[in-house]
Every structure is written in structure tokens, then in C-alpha cells.
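K.L.:
This one is coords-v4.tsv, TSV, C-alpha atoms.
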```tsv
chain	number	residue	atom	x	y	z
M	1	MET	CA	8.74	-4.72	53.36
M	2	PHE	CA	5.22	-5.50	54.55
M	3	CYS	CA	4.04	-9.09	54.69
M	4	PRO	CA	1.05	-9.41	52.34
M	5	LYS	CA	-0.51	-12.08	54.55
M	6	CYS	CA	-0.36	-10.61	58.09
M	7	GLY	CA	0.71	-7.02	57.34
M	8	SER	CA	3.70	-7.03	59.67
M	9	THR	CA	6.88	-5.12	58.81
M	10	GLN	CA	9.73	-7.43	57.81
M	11	SER	CA	13.34	-6.96	56.77
M	12	ASP	CA	14.13	-7.05	53.03
M	13	GLU	CA	16.68	-9.84	53.52
M	14	LEU	CA	14.21	-12.32	55.05
M	15	ARG	CA	12.84	-15.09	52.85
M	16	PHE	CA	9.93	-15.91	55.14
M	17	CYS	CA	7.75	-13.79	57.44
M	18	LYS	CA	8.67	-14.13	61.15
M	19	VAL	CA	5.03	-13.80	62.23
M	20	CYS	CA	3.02	-15.96	59.80
M	21	GLY	CA	5.69	-17.77	57.75
M	22	ALA	CA	4.57	-16.40	54.34
M	23	ASN	CA	7.08	-16.72	51.48
M	24	LEU	CA	8.39	-13.15	51.10
M	25	PHE	CA	10.94	-14.14	48.44
M	26	ALA	CA	8.17	-15.20	46.07
M	27	VAL	CA	6.31	-11.95	46.74
M	28	ARG	CA	9.44	-9.93	45.88
M	29	GLN	CA	9.86	-11.84	42.59
M	30	VAL	CA	6.24	-11.18	41.59
M	31	VAL	CA	6.58	-7.45	42.38
M	32	ASP	CA	9.86	-7.20	40.44
M	33	THR	CA	8.48	-8.91	37.33
M	34	ARG	CA	5.35	-6.77	37.44
M	35	GLU	CA	7.41	-3.54	37.51
M	36	THR	CA	9.50	-4.78	34.54
M	37	ALA	CA	6.34	-5.69	32.62
M	38	ASP	CA	4.81	-2.28	33.35
M	39	LYS	CA	7.92	-0.53	32.06
M	40	SER	CA	7.98	-2.59	28.85
M	41	ASP	CA	4.23	-2.07	28.34
M	42	SER	CA	4.62	1.68	28.67
M	43	GLY	CA	7.39	1.57	26.05
M	44	LYS	CA	5.22	-0.50	23.72
M	45	ASN	CA	2.30	1.87	24.22
M	46	TRP	CA	4.49	4.85	23.35
M	47	ILE	CA	5.73	3.19	20.15
M	48	ALA	CA	2.17	2.18	19.21
M	49	ALA	CA	1.00	5.76	19.77
M	50	VAL	CA	3.76	7.14	17.53
M	51	VAL	CA	2.99	4.63	14.77
M	52	HIS	CA	-0.74	5.30	15.10
M	53	THR	CA	-0.15	9.06	14.88
M	54	GLN	CA	1.96	8.64	11.74
M	55	GLU	CA	-0.72	6.48	10.11
M	56	GLU	CA	-3.40	9.01	11.02
M	57	SER	CA	-1.41	11.90	9.56
M	58	LYS	CA	-0.77	9.89	6.38
M	59	ARG	CA	-4.48	9.08	6.02
M	60	HIS	CA	-5.36	12.74	6.68
M	61	LYS	CA	-2.90	13.89	4.02
M	62	GLU	CA	-4.29	11.40	1.49
M	63	GLU	CA	-7.84	12.56	2.25
M	64	ILE	CA	-6.88	16.21	1.67
M	65	GLU	CA	-5.20	15.27	-1.62
M	66	ARG	CA	-8.28	13.30	-2.69
M	67	GLN	CA	-10.51	16.29	-1.96
M	68	ARG	CA	-8.23	18.49	-4.08
M	69	GLY	CA	-8.51	15.99	-6.91
M	70	ILE	CA	-4.97	14.68	-6.64
M	71	THR	CA	-5.31	11.01	-7.44
M	72	PRO	CA	-2.39	8.57	-7.02
M	73	GLU	CA	-1.79	8.70	-10.79
M	74	VAL	CA	-1.58	12.51	-10.75
M	75	LYS	CA	0.70	12.33	-7.73
M	76	VAL	CA	3.06	10.00	-9.63
M	77	ARG	CA	3.13	12.51	-12.49
M	78	TYR	CA	3.92	15.37	-10.11
M	79	ASP	CA	6.67	13.30	-8.50
M	80	GLU	CA	8.19	12.58	-11.93
M	81	ILE	CA	8.13	16.25	-12.87
M	82	LYS	CA	9.60	17.22	-9.48
M	83	GLY	CA	12.32	14.58	-9.84
M	84	GLY	CA	13.07	15.87	-13.34
M	85	VAL	CA	13.43	19.45	-12.14
M	86	ILE	CA	15.73	18.38	-9.29
M	87	THR	CA	17.88	16.16	-11.54
M	88	GLY	CA	18.13	18.82	-14.23
M	89	THR	CA	19.10	21.46	-11.68
M	90	VAL	CA	21.76	19.15	-10.25
M	91	GLY	CA	23.10	18.65	-13.79
M	92	ILE	CA	23.35	22.41	-14.33
M	93	GLY	CA	25.08	22.80	-10.95
M	94	ILE	CA	27.59	20.06	-11.76
M	95	GLY	CA	28.31	21.62	-15.14
M	96	ILE	CA	28.91	25.07	-13.63
M	97	PHE	CA	31.07	23.67	-10.82
M	98	LEU	CA	33.22	21.63	-13.21
M	99	TYR	CA	33.65	24.57	-15.59
M	100	VAL	CA	34.76	26.96	-12.85
M	101	PHE	CA	36.94	24.38	-11.09
M	102	MET	CA	38.67	23.22	-14.29
M	103	GLN	CA	39.25	26.82	-15.45
M	104	GLY	CA	41.00	27.49	-12.15
M	105	ILE	CA	43.21	24.42	-12.64
M	106	ILE	CA	44.01	25.45	-16.21
M	107	GLN	CA	44.84	29.06	-15.25
M	108	SER	CA	47.17	27.91	-12.49
M	109	GLY	CA	49.71	27.12	-15.24
M	110	ASN	CA	50.65	23.65	-13.95
M	111	VAL	CA	48.78	21.85	-16.74
M	112	THR	CA	50.09	20.86	-20.18
M	113	PRO	CA	48.24	22.24	-23.21
M	114	ASN	CA	46.88	18.79	-24.11
M	115	SER	CA	45.52	18.27	-20.58
M	116	ALA	CA	44.12	21.79	-20.62
M	117	GLU	CA	42.06	20.93	-23.71
M	118	ILE	CA	40.55	17.90	-21.94
M	119	LEU	CA	39.92	19.72	-18.66
M	120	SER	CA	38.26	22.66	-20.40
M	121	ARG	CA	35.59	20.33	-21.79
M	122	LEU	CA	34.98	18.27	-18.64
M	123	TRP	CA	32.00	20.45	-17.69
M	124	ILE	CA	30.00	18.56	-20.33
M	125	ALA	CA	29.58	15.74	-17.76
M	126	GLY	CA	26.88	17.93	-16.19
M	127	VAL	CA	24.84	17.64	-19.38
M	128	ILE	CA	24.03	13.97	-18.64
M	129	PRO	CA	21.92	14.63	-15.51
M	130	LEU	CA	20.45	17.68	-17.25
M	131	PHE	CA	19.15	15.51	-20.10
M	132	VAL	CA	17.89	12.89	-17.63
M	133	GLY	CA	15.97	15.62	-15.82
M	134	ILE	CA	14.53	16.96	-19.07
M	135	SER	CA	13.40	13.46	-20.06
M	136	LEU	CA	11.71	12.98	-16.66
M	137	ILE	CA	9.89	16.28	-17.07
M	138	ILE	CA	8.73	15.35	-20.58
M	139	ASN	CA	7.64	11.93	-19.33
M	140	GLY	CA	5.67	13.47	-16.46
M	141	LEU	CA	4.03	16.12	-18.63
M	142	PHE	CA	3.09	14.11	-21.70
M	143	VAL	CA	3.69	10.34	-21.53
M	144	SER	CA	2.38	9.71	-18.01
M	145	LYS	CA	-0.57	12.01	-18.68
M	146	LYS	CA	-1.52	9.94	-21.72
M	147	LEU	CA	-1.12	6.71	-19.73
M	148	VAL	CA	-3.39	8.08	-16.98
M	149	GLU	CA	-6.02	9.02	-19.57
M	150	ILE	CA	-5.86	5.52	-21.13
M	151	ALA	CA	-6.21	3.89	-17.71
M	152	ARG	CA	-9.15	6.15	-16.85
M	153	GLU	CA	-10.90	5.32	-20.13
M	154	ALA	CA	-10.33	1.61	-19.55
M	155	SER	CA	-11.80	1.80	-16.04
M	156	GLN	CA	-14.82	3.74	-17.33
M	157	THR	CA	-15.35	1.17	-20.07
M	158	ALA	CA	-15.14	-1.63	-17.52
M	159	ALA	CA	-17.61	0.20	-15.27
M	160	ASN	CA	-20.01	0.68	-18.20
M	161	ASN	CA	-19.74	-3.02	-19.07
M	162	LEU	CA	-20.56	-3.93	-15.49
M	163	GLU	CA	-23.59	-1.65	-15.54
M	164	GLY	CA	-24.73	-3.27	-18.79
M	165	ASP	CA	-24.44	-6.70	-17.22
M	166	GLN	CA	-26.66	-5.66	-14.33
M	167	ASN	CA	-29.60	-5.18	-16.69
M	168	PRO	CA	-29.67	-8.37	-18.77
M	169	GLN	CA	-32.12	-8.72	-21.59
M	170	SER	CA	-35.32	-10.37	-20.44
M	171	LEU	CA	-36.78	-13.44	-22.11
M	172	ARG	CA	-40.05	-13.43	-24.06
M	173	PRO	CA	-43.02	-13.86	-21.73
M	174	ALA	CA	-44.45	-17.36	-21.71
M	175	ASP	CA	-47.63	-17.99	-23.73
M	176	THR	CA	-49.94	-19.93	-21.41
M	177	THR	CA	-52.33	-20.86	-24.17
M	178	GLU	CA	-49.63	-22.64	-26.08
M	179	PHE	CA	-49.55	-26.40	-25.43
M	180	ILE	CA	-46.75	-28.57	-26.53
M	181	PRO	CA	-47.95	-32.00	-27.60
M	182	SER	CA	-46.18	-34.71	-25.70
M	183	GLY	CA	-44.72	-37.61	-27.55
M	184	LEU	CA	-45.29	-40.36	-24.98
M	185	SER	CA	-47.07	-40.69	-21.71
M	186	VAL	CA	-46.18	-42.85	-18.72
M	187	THR	CA	-49.71	-44.22	-18.51
M	188	GLU	CA	-50.21	-44.73	-22.19
M	189	HIS	CA	-51.25	-48.29	-23.13
M	190	THR	CA	-51.23	-49.53	-19.51
M	191	THR	CA	-54.94	-50.22	-19.41
M	192	LYS	CA	-54.69	-52.21	-22.58
M	193	HIS	CA	-51.86	-54.19	-21.07
M	194	LEU	CA	-53.92	-54.93	-17.94
M	195	ARG	CA	-56.98	-55.96	-19.97
M	196	SER	CA	-54.93	-58.30	-22.08
M	197	SER	CA	-53.29	-59.91	-19.06
M	198	GLY	CA	-56.73	-60.27	-17.38
M	199	GLN	CA	-58.17	-62.04	-20.40
M	200	LYS	CA	-55.40	-64.64	-20.40
M	201	GLN	CA	-56.23	-65.78	-16.87
```
Just dump the structure as C-alpha cells.
P.N.:
Amino acid sequence: MFCPKCGSTQSDELRFCKVCGANLFAVRQVVDTRETADKSDSGKNWIAAVVHTQEESKRHKEEIERQRGITPEVKVRYDEIKGGVITGTVGIGIGIFLYVFMQGIIQSGNVTPNSAEILSRLWIAGVIPLFVGISLIINGLFVSKKLVEIAREASQTAANNLEGDQNPQSLRPADTTEFIPSGLSVTEHTTKHLRSSGQKQ
């Protein structure tokens, strides 16, 4: 290790410099903490860069969708329709799997006739997710579309009302030749009052 004060070479075990007496232990602690801080800062910078890149890509994707005319409301509708297709397809898959699987159990011959009747109809459980998927598709195609149109009309009405408020009706121009007779004046009858008080003295 080099002494930062005099520049002489010193052993790593020494606490003080043999030449100038500088505190080498304190210098080692500062160097160690700085290296640890640099390592943690580089880790923080990497994480910040990853988060920043993800935010940038999200903003870029939203900008592309906006340019294509895909508003958040339309995106919600598309997501509902997509979810409905996936759920319906899963329902069909479950129904087919249960039908084939239960037919194999029934044909194995180890099942009583009463149990065979129940197992042969178990595939109907796949109809539940199928109907859920169909309802999601209908909701995305018709109900959500109507709700988006109502919301758009309401926002346009609100925007029109705001534009109407920006141009308020003007008042009638003042007629400068019109004088309003005043009922009382501040100076009215003051001279009379002064004359009467002067006459008394």
C-alpha cells in the first residue's frame, strides 16, 4: 500500500506510516467503503436502466396503439373478446377430454352400470367455461361497445358545454345619454344648514 501523504510503500498490516505517521487504517476503511458504494451504485444503475427501458417500451407501444386508433376503451373490448375466446376454447377442450377419458373408464368394464351413466355425462362440465367464454365475447362485441359509445357521447357533450361557456352572452351596451336621477345627495341642504346656524350667532 502507498501512503497517501508521503507516497512511500508500506505494508498492508501497518496502521500508521513509518515515514510520516499518517493513519493508514483510516485510509483503508475509506477505500473499502468507496468500492462497496461503487458496486451498489452500479447495481442500482442497472436496475434503473431496466425499469426505464420497460417504461419506454410501454410508452412506445401505447403511442403506436393510439396512432392506430386503439383507445383504452377499445383495448378493453378486445381483451374481453380475447378472454372469451380463450375461456370458450378451454371449455371445449375440457369437455372433449372428459368425454374421451370417461369413455375409456366405462369401456374398461370395471364400472357399474349406474356409475357408467353418471360418468358418460360428466363431459357436460366443460359447457360451463364454454358459456362463460360466449358471454364474454357477447359482452365485448355488443355491451362494451354500447358503453364506449355512451361514454364518448357524454364526453363530447361535456366538451360542447365547455365551449359554450367560453363564449358567454354579452350584456347590452351602456347608454351614456341615460341619466339616473339620484334620490339624495351628500351636499344637499348643507348650505341651508350653515346659513341657519350663522344667523343664530
K.L.:
Just the number, please: distance in Å from CA of Thr112 (chain M) to CA of Gly93 (chain M), one decimal.
P.N.:
26.7 Å
K.L.:
Which is closer to Ile124 (chain M) than all the others in M:Leu98, M:Ser108, M:Glu63, M:Glu56, using all atoms listed in the file?
P.N.:
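Under the stated criterion, the closest residue is M:Leu98.
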K.L.:
Which residue, M:Val143, M:Cys6, M:Ile64, M:Ala151, has the smallest gap to Arg77 (chain M) when you use all atoms listed in the file?
P.N.:
M:Val143
K.L.:
What is the distance, in Å and to one decimal place, between CA of Ile106 (chain M) and CA of Val127 (chain M)?
P.N.:
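Separation between CA of Ile106 (chain M) and CA of Val127 (chain M): 20.9 Å.
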K.L.:
Find, counting only C-alpha atoms, the residue in M:Met102, M:Leu119, M:Val111, M:Ile128 that gets nearest to Thr87 (chain M).
P.N.:
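Among the listed residues, the smallest separation from Thr87 (chain M) belongs to M:Ile128.
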K.L.:
When you count only C-alpha atoms, which of these residues is closest to Leu122 (chain M): M:Ile137, M:Cys3, M:Ile96, M:Val148?
P.N.:
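Closest residue, counting only C-alpha atoms: M:Ile96.
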K.L.:
Mind giving me the straight-line distance from CA of Leu141 (chain M) to CA of Ile81 (chain M) in Å, one decimal?
P.N.:
7.1 Å
K.L.:
Ile138 (chain M): which residues within 12 Å, counting only C-alpha atoms, same-chain residues fewer than 2 positions away excluded, as a list in words?
P.N.:
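Counting only C-alpha atoms, the residues come to Arg77, Tyr78, Glu80, Ile81, Lys82, Gly83, Gly84, Val85, Gly88, Phe131, Val132, Gly133, Ile134, Ser135, Leu136, Gly140, Leu141, Phe142, Val143, Ser144, Lys145 and Lys146 of chain M.
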K.L.:
Using only C-alpha atoms, can you list as a list in words the residues within 12 Å of (15.6, -15.1, 49.1)?
P.N.:
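Protein and nucleic acid residues near the point are Ser11, Asp12, Glu13, Leu14, Arg15, Phe16, Cys17, Asn23, Leu24, Phe25, Ala26, Val27, Arg28 and Gln29 of chain M.
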K.L.:
Which neighbours of Gly126 (chain M) fall inside 7 Å, counting only C-alpha atoms, when residues of the same chain fewer than 2 positions from it are skipped, and could you give them as a VMD selection string?
P.N.:
chain M and resid 91 to 92 94 to 95 123 to 124 128 to 130
K.L.:
Would you put the residues from that selection into a file with C-alpha atoms, as a short mmCIF file (atom, residue, chain, number, x, y, z; two decimals), in the frame of the given file?
P.N.:
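Here's the written file result_3.cif:
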```cif
data_model
loop_
_atom_site.label_atom_id
_atom_site.label_comp_id
_atom_site.auth_asym_id
_atom_site.auth_seq_id
_atom_site.Cartn_x
_atom_site.Cartn_y
_atom_site.Cartn_z
CA GLY M 91 23.10 18.65 -13.79
CA ILE M 92 23.35 22.41 -14.33
CA ILE M 94 27.59 20.06 -11.76
CA GLY M 95 28.31 21.62 -15.14
CA TRP M 123 32.00 20.45 -17.69
CA ILE M 124 30.00 18.56 -20.33
CA ILE M 128 24.03 13.97 -18.64
CA PRO M 129 21.92 14.63 -15.51
CA LEU M 130 20.45 17.68 -17.25
#
```
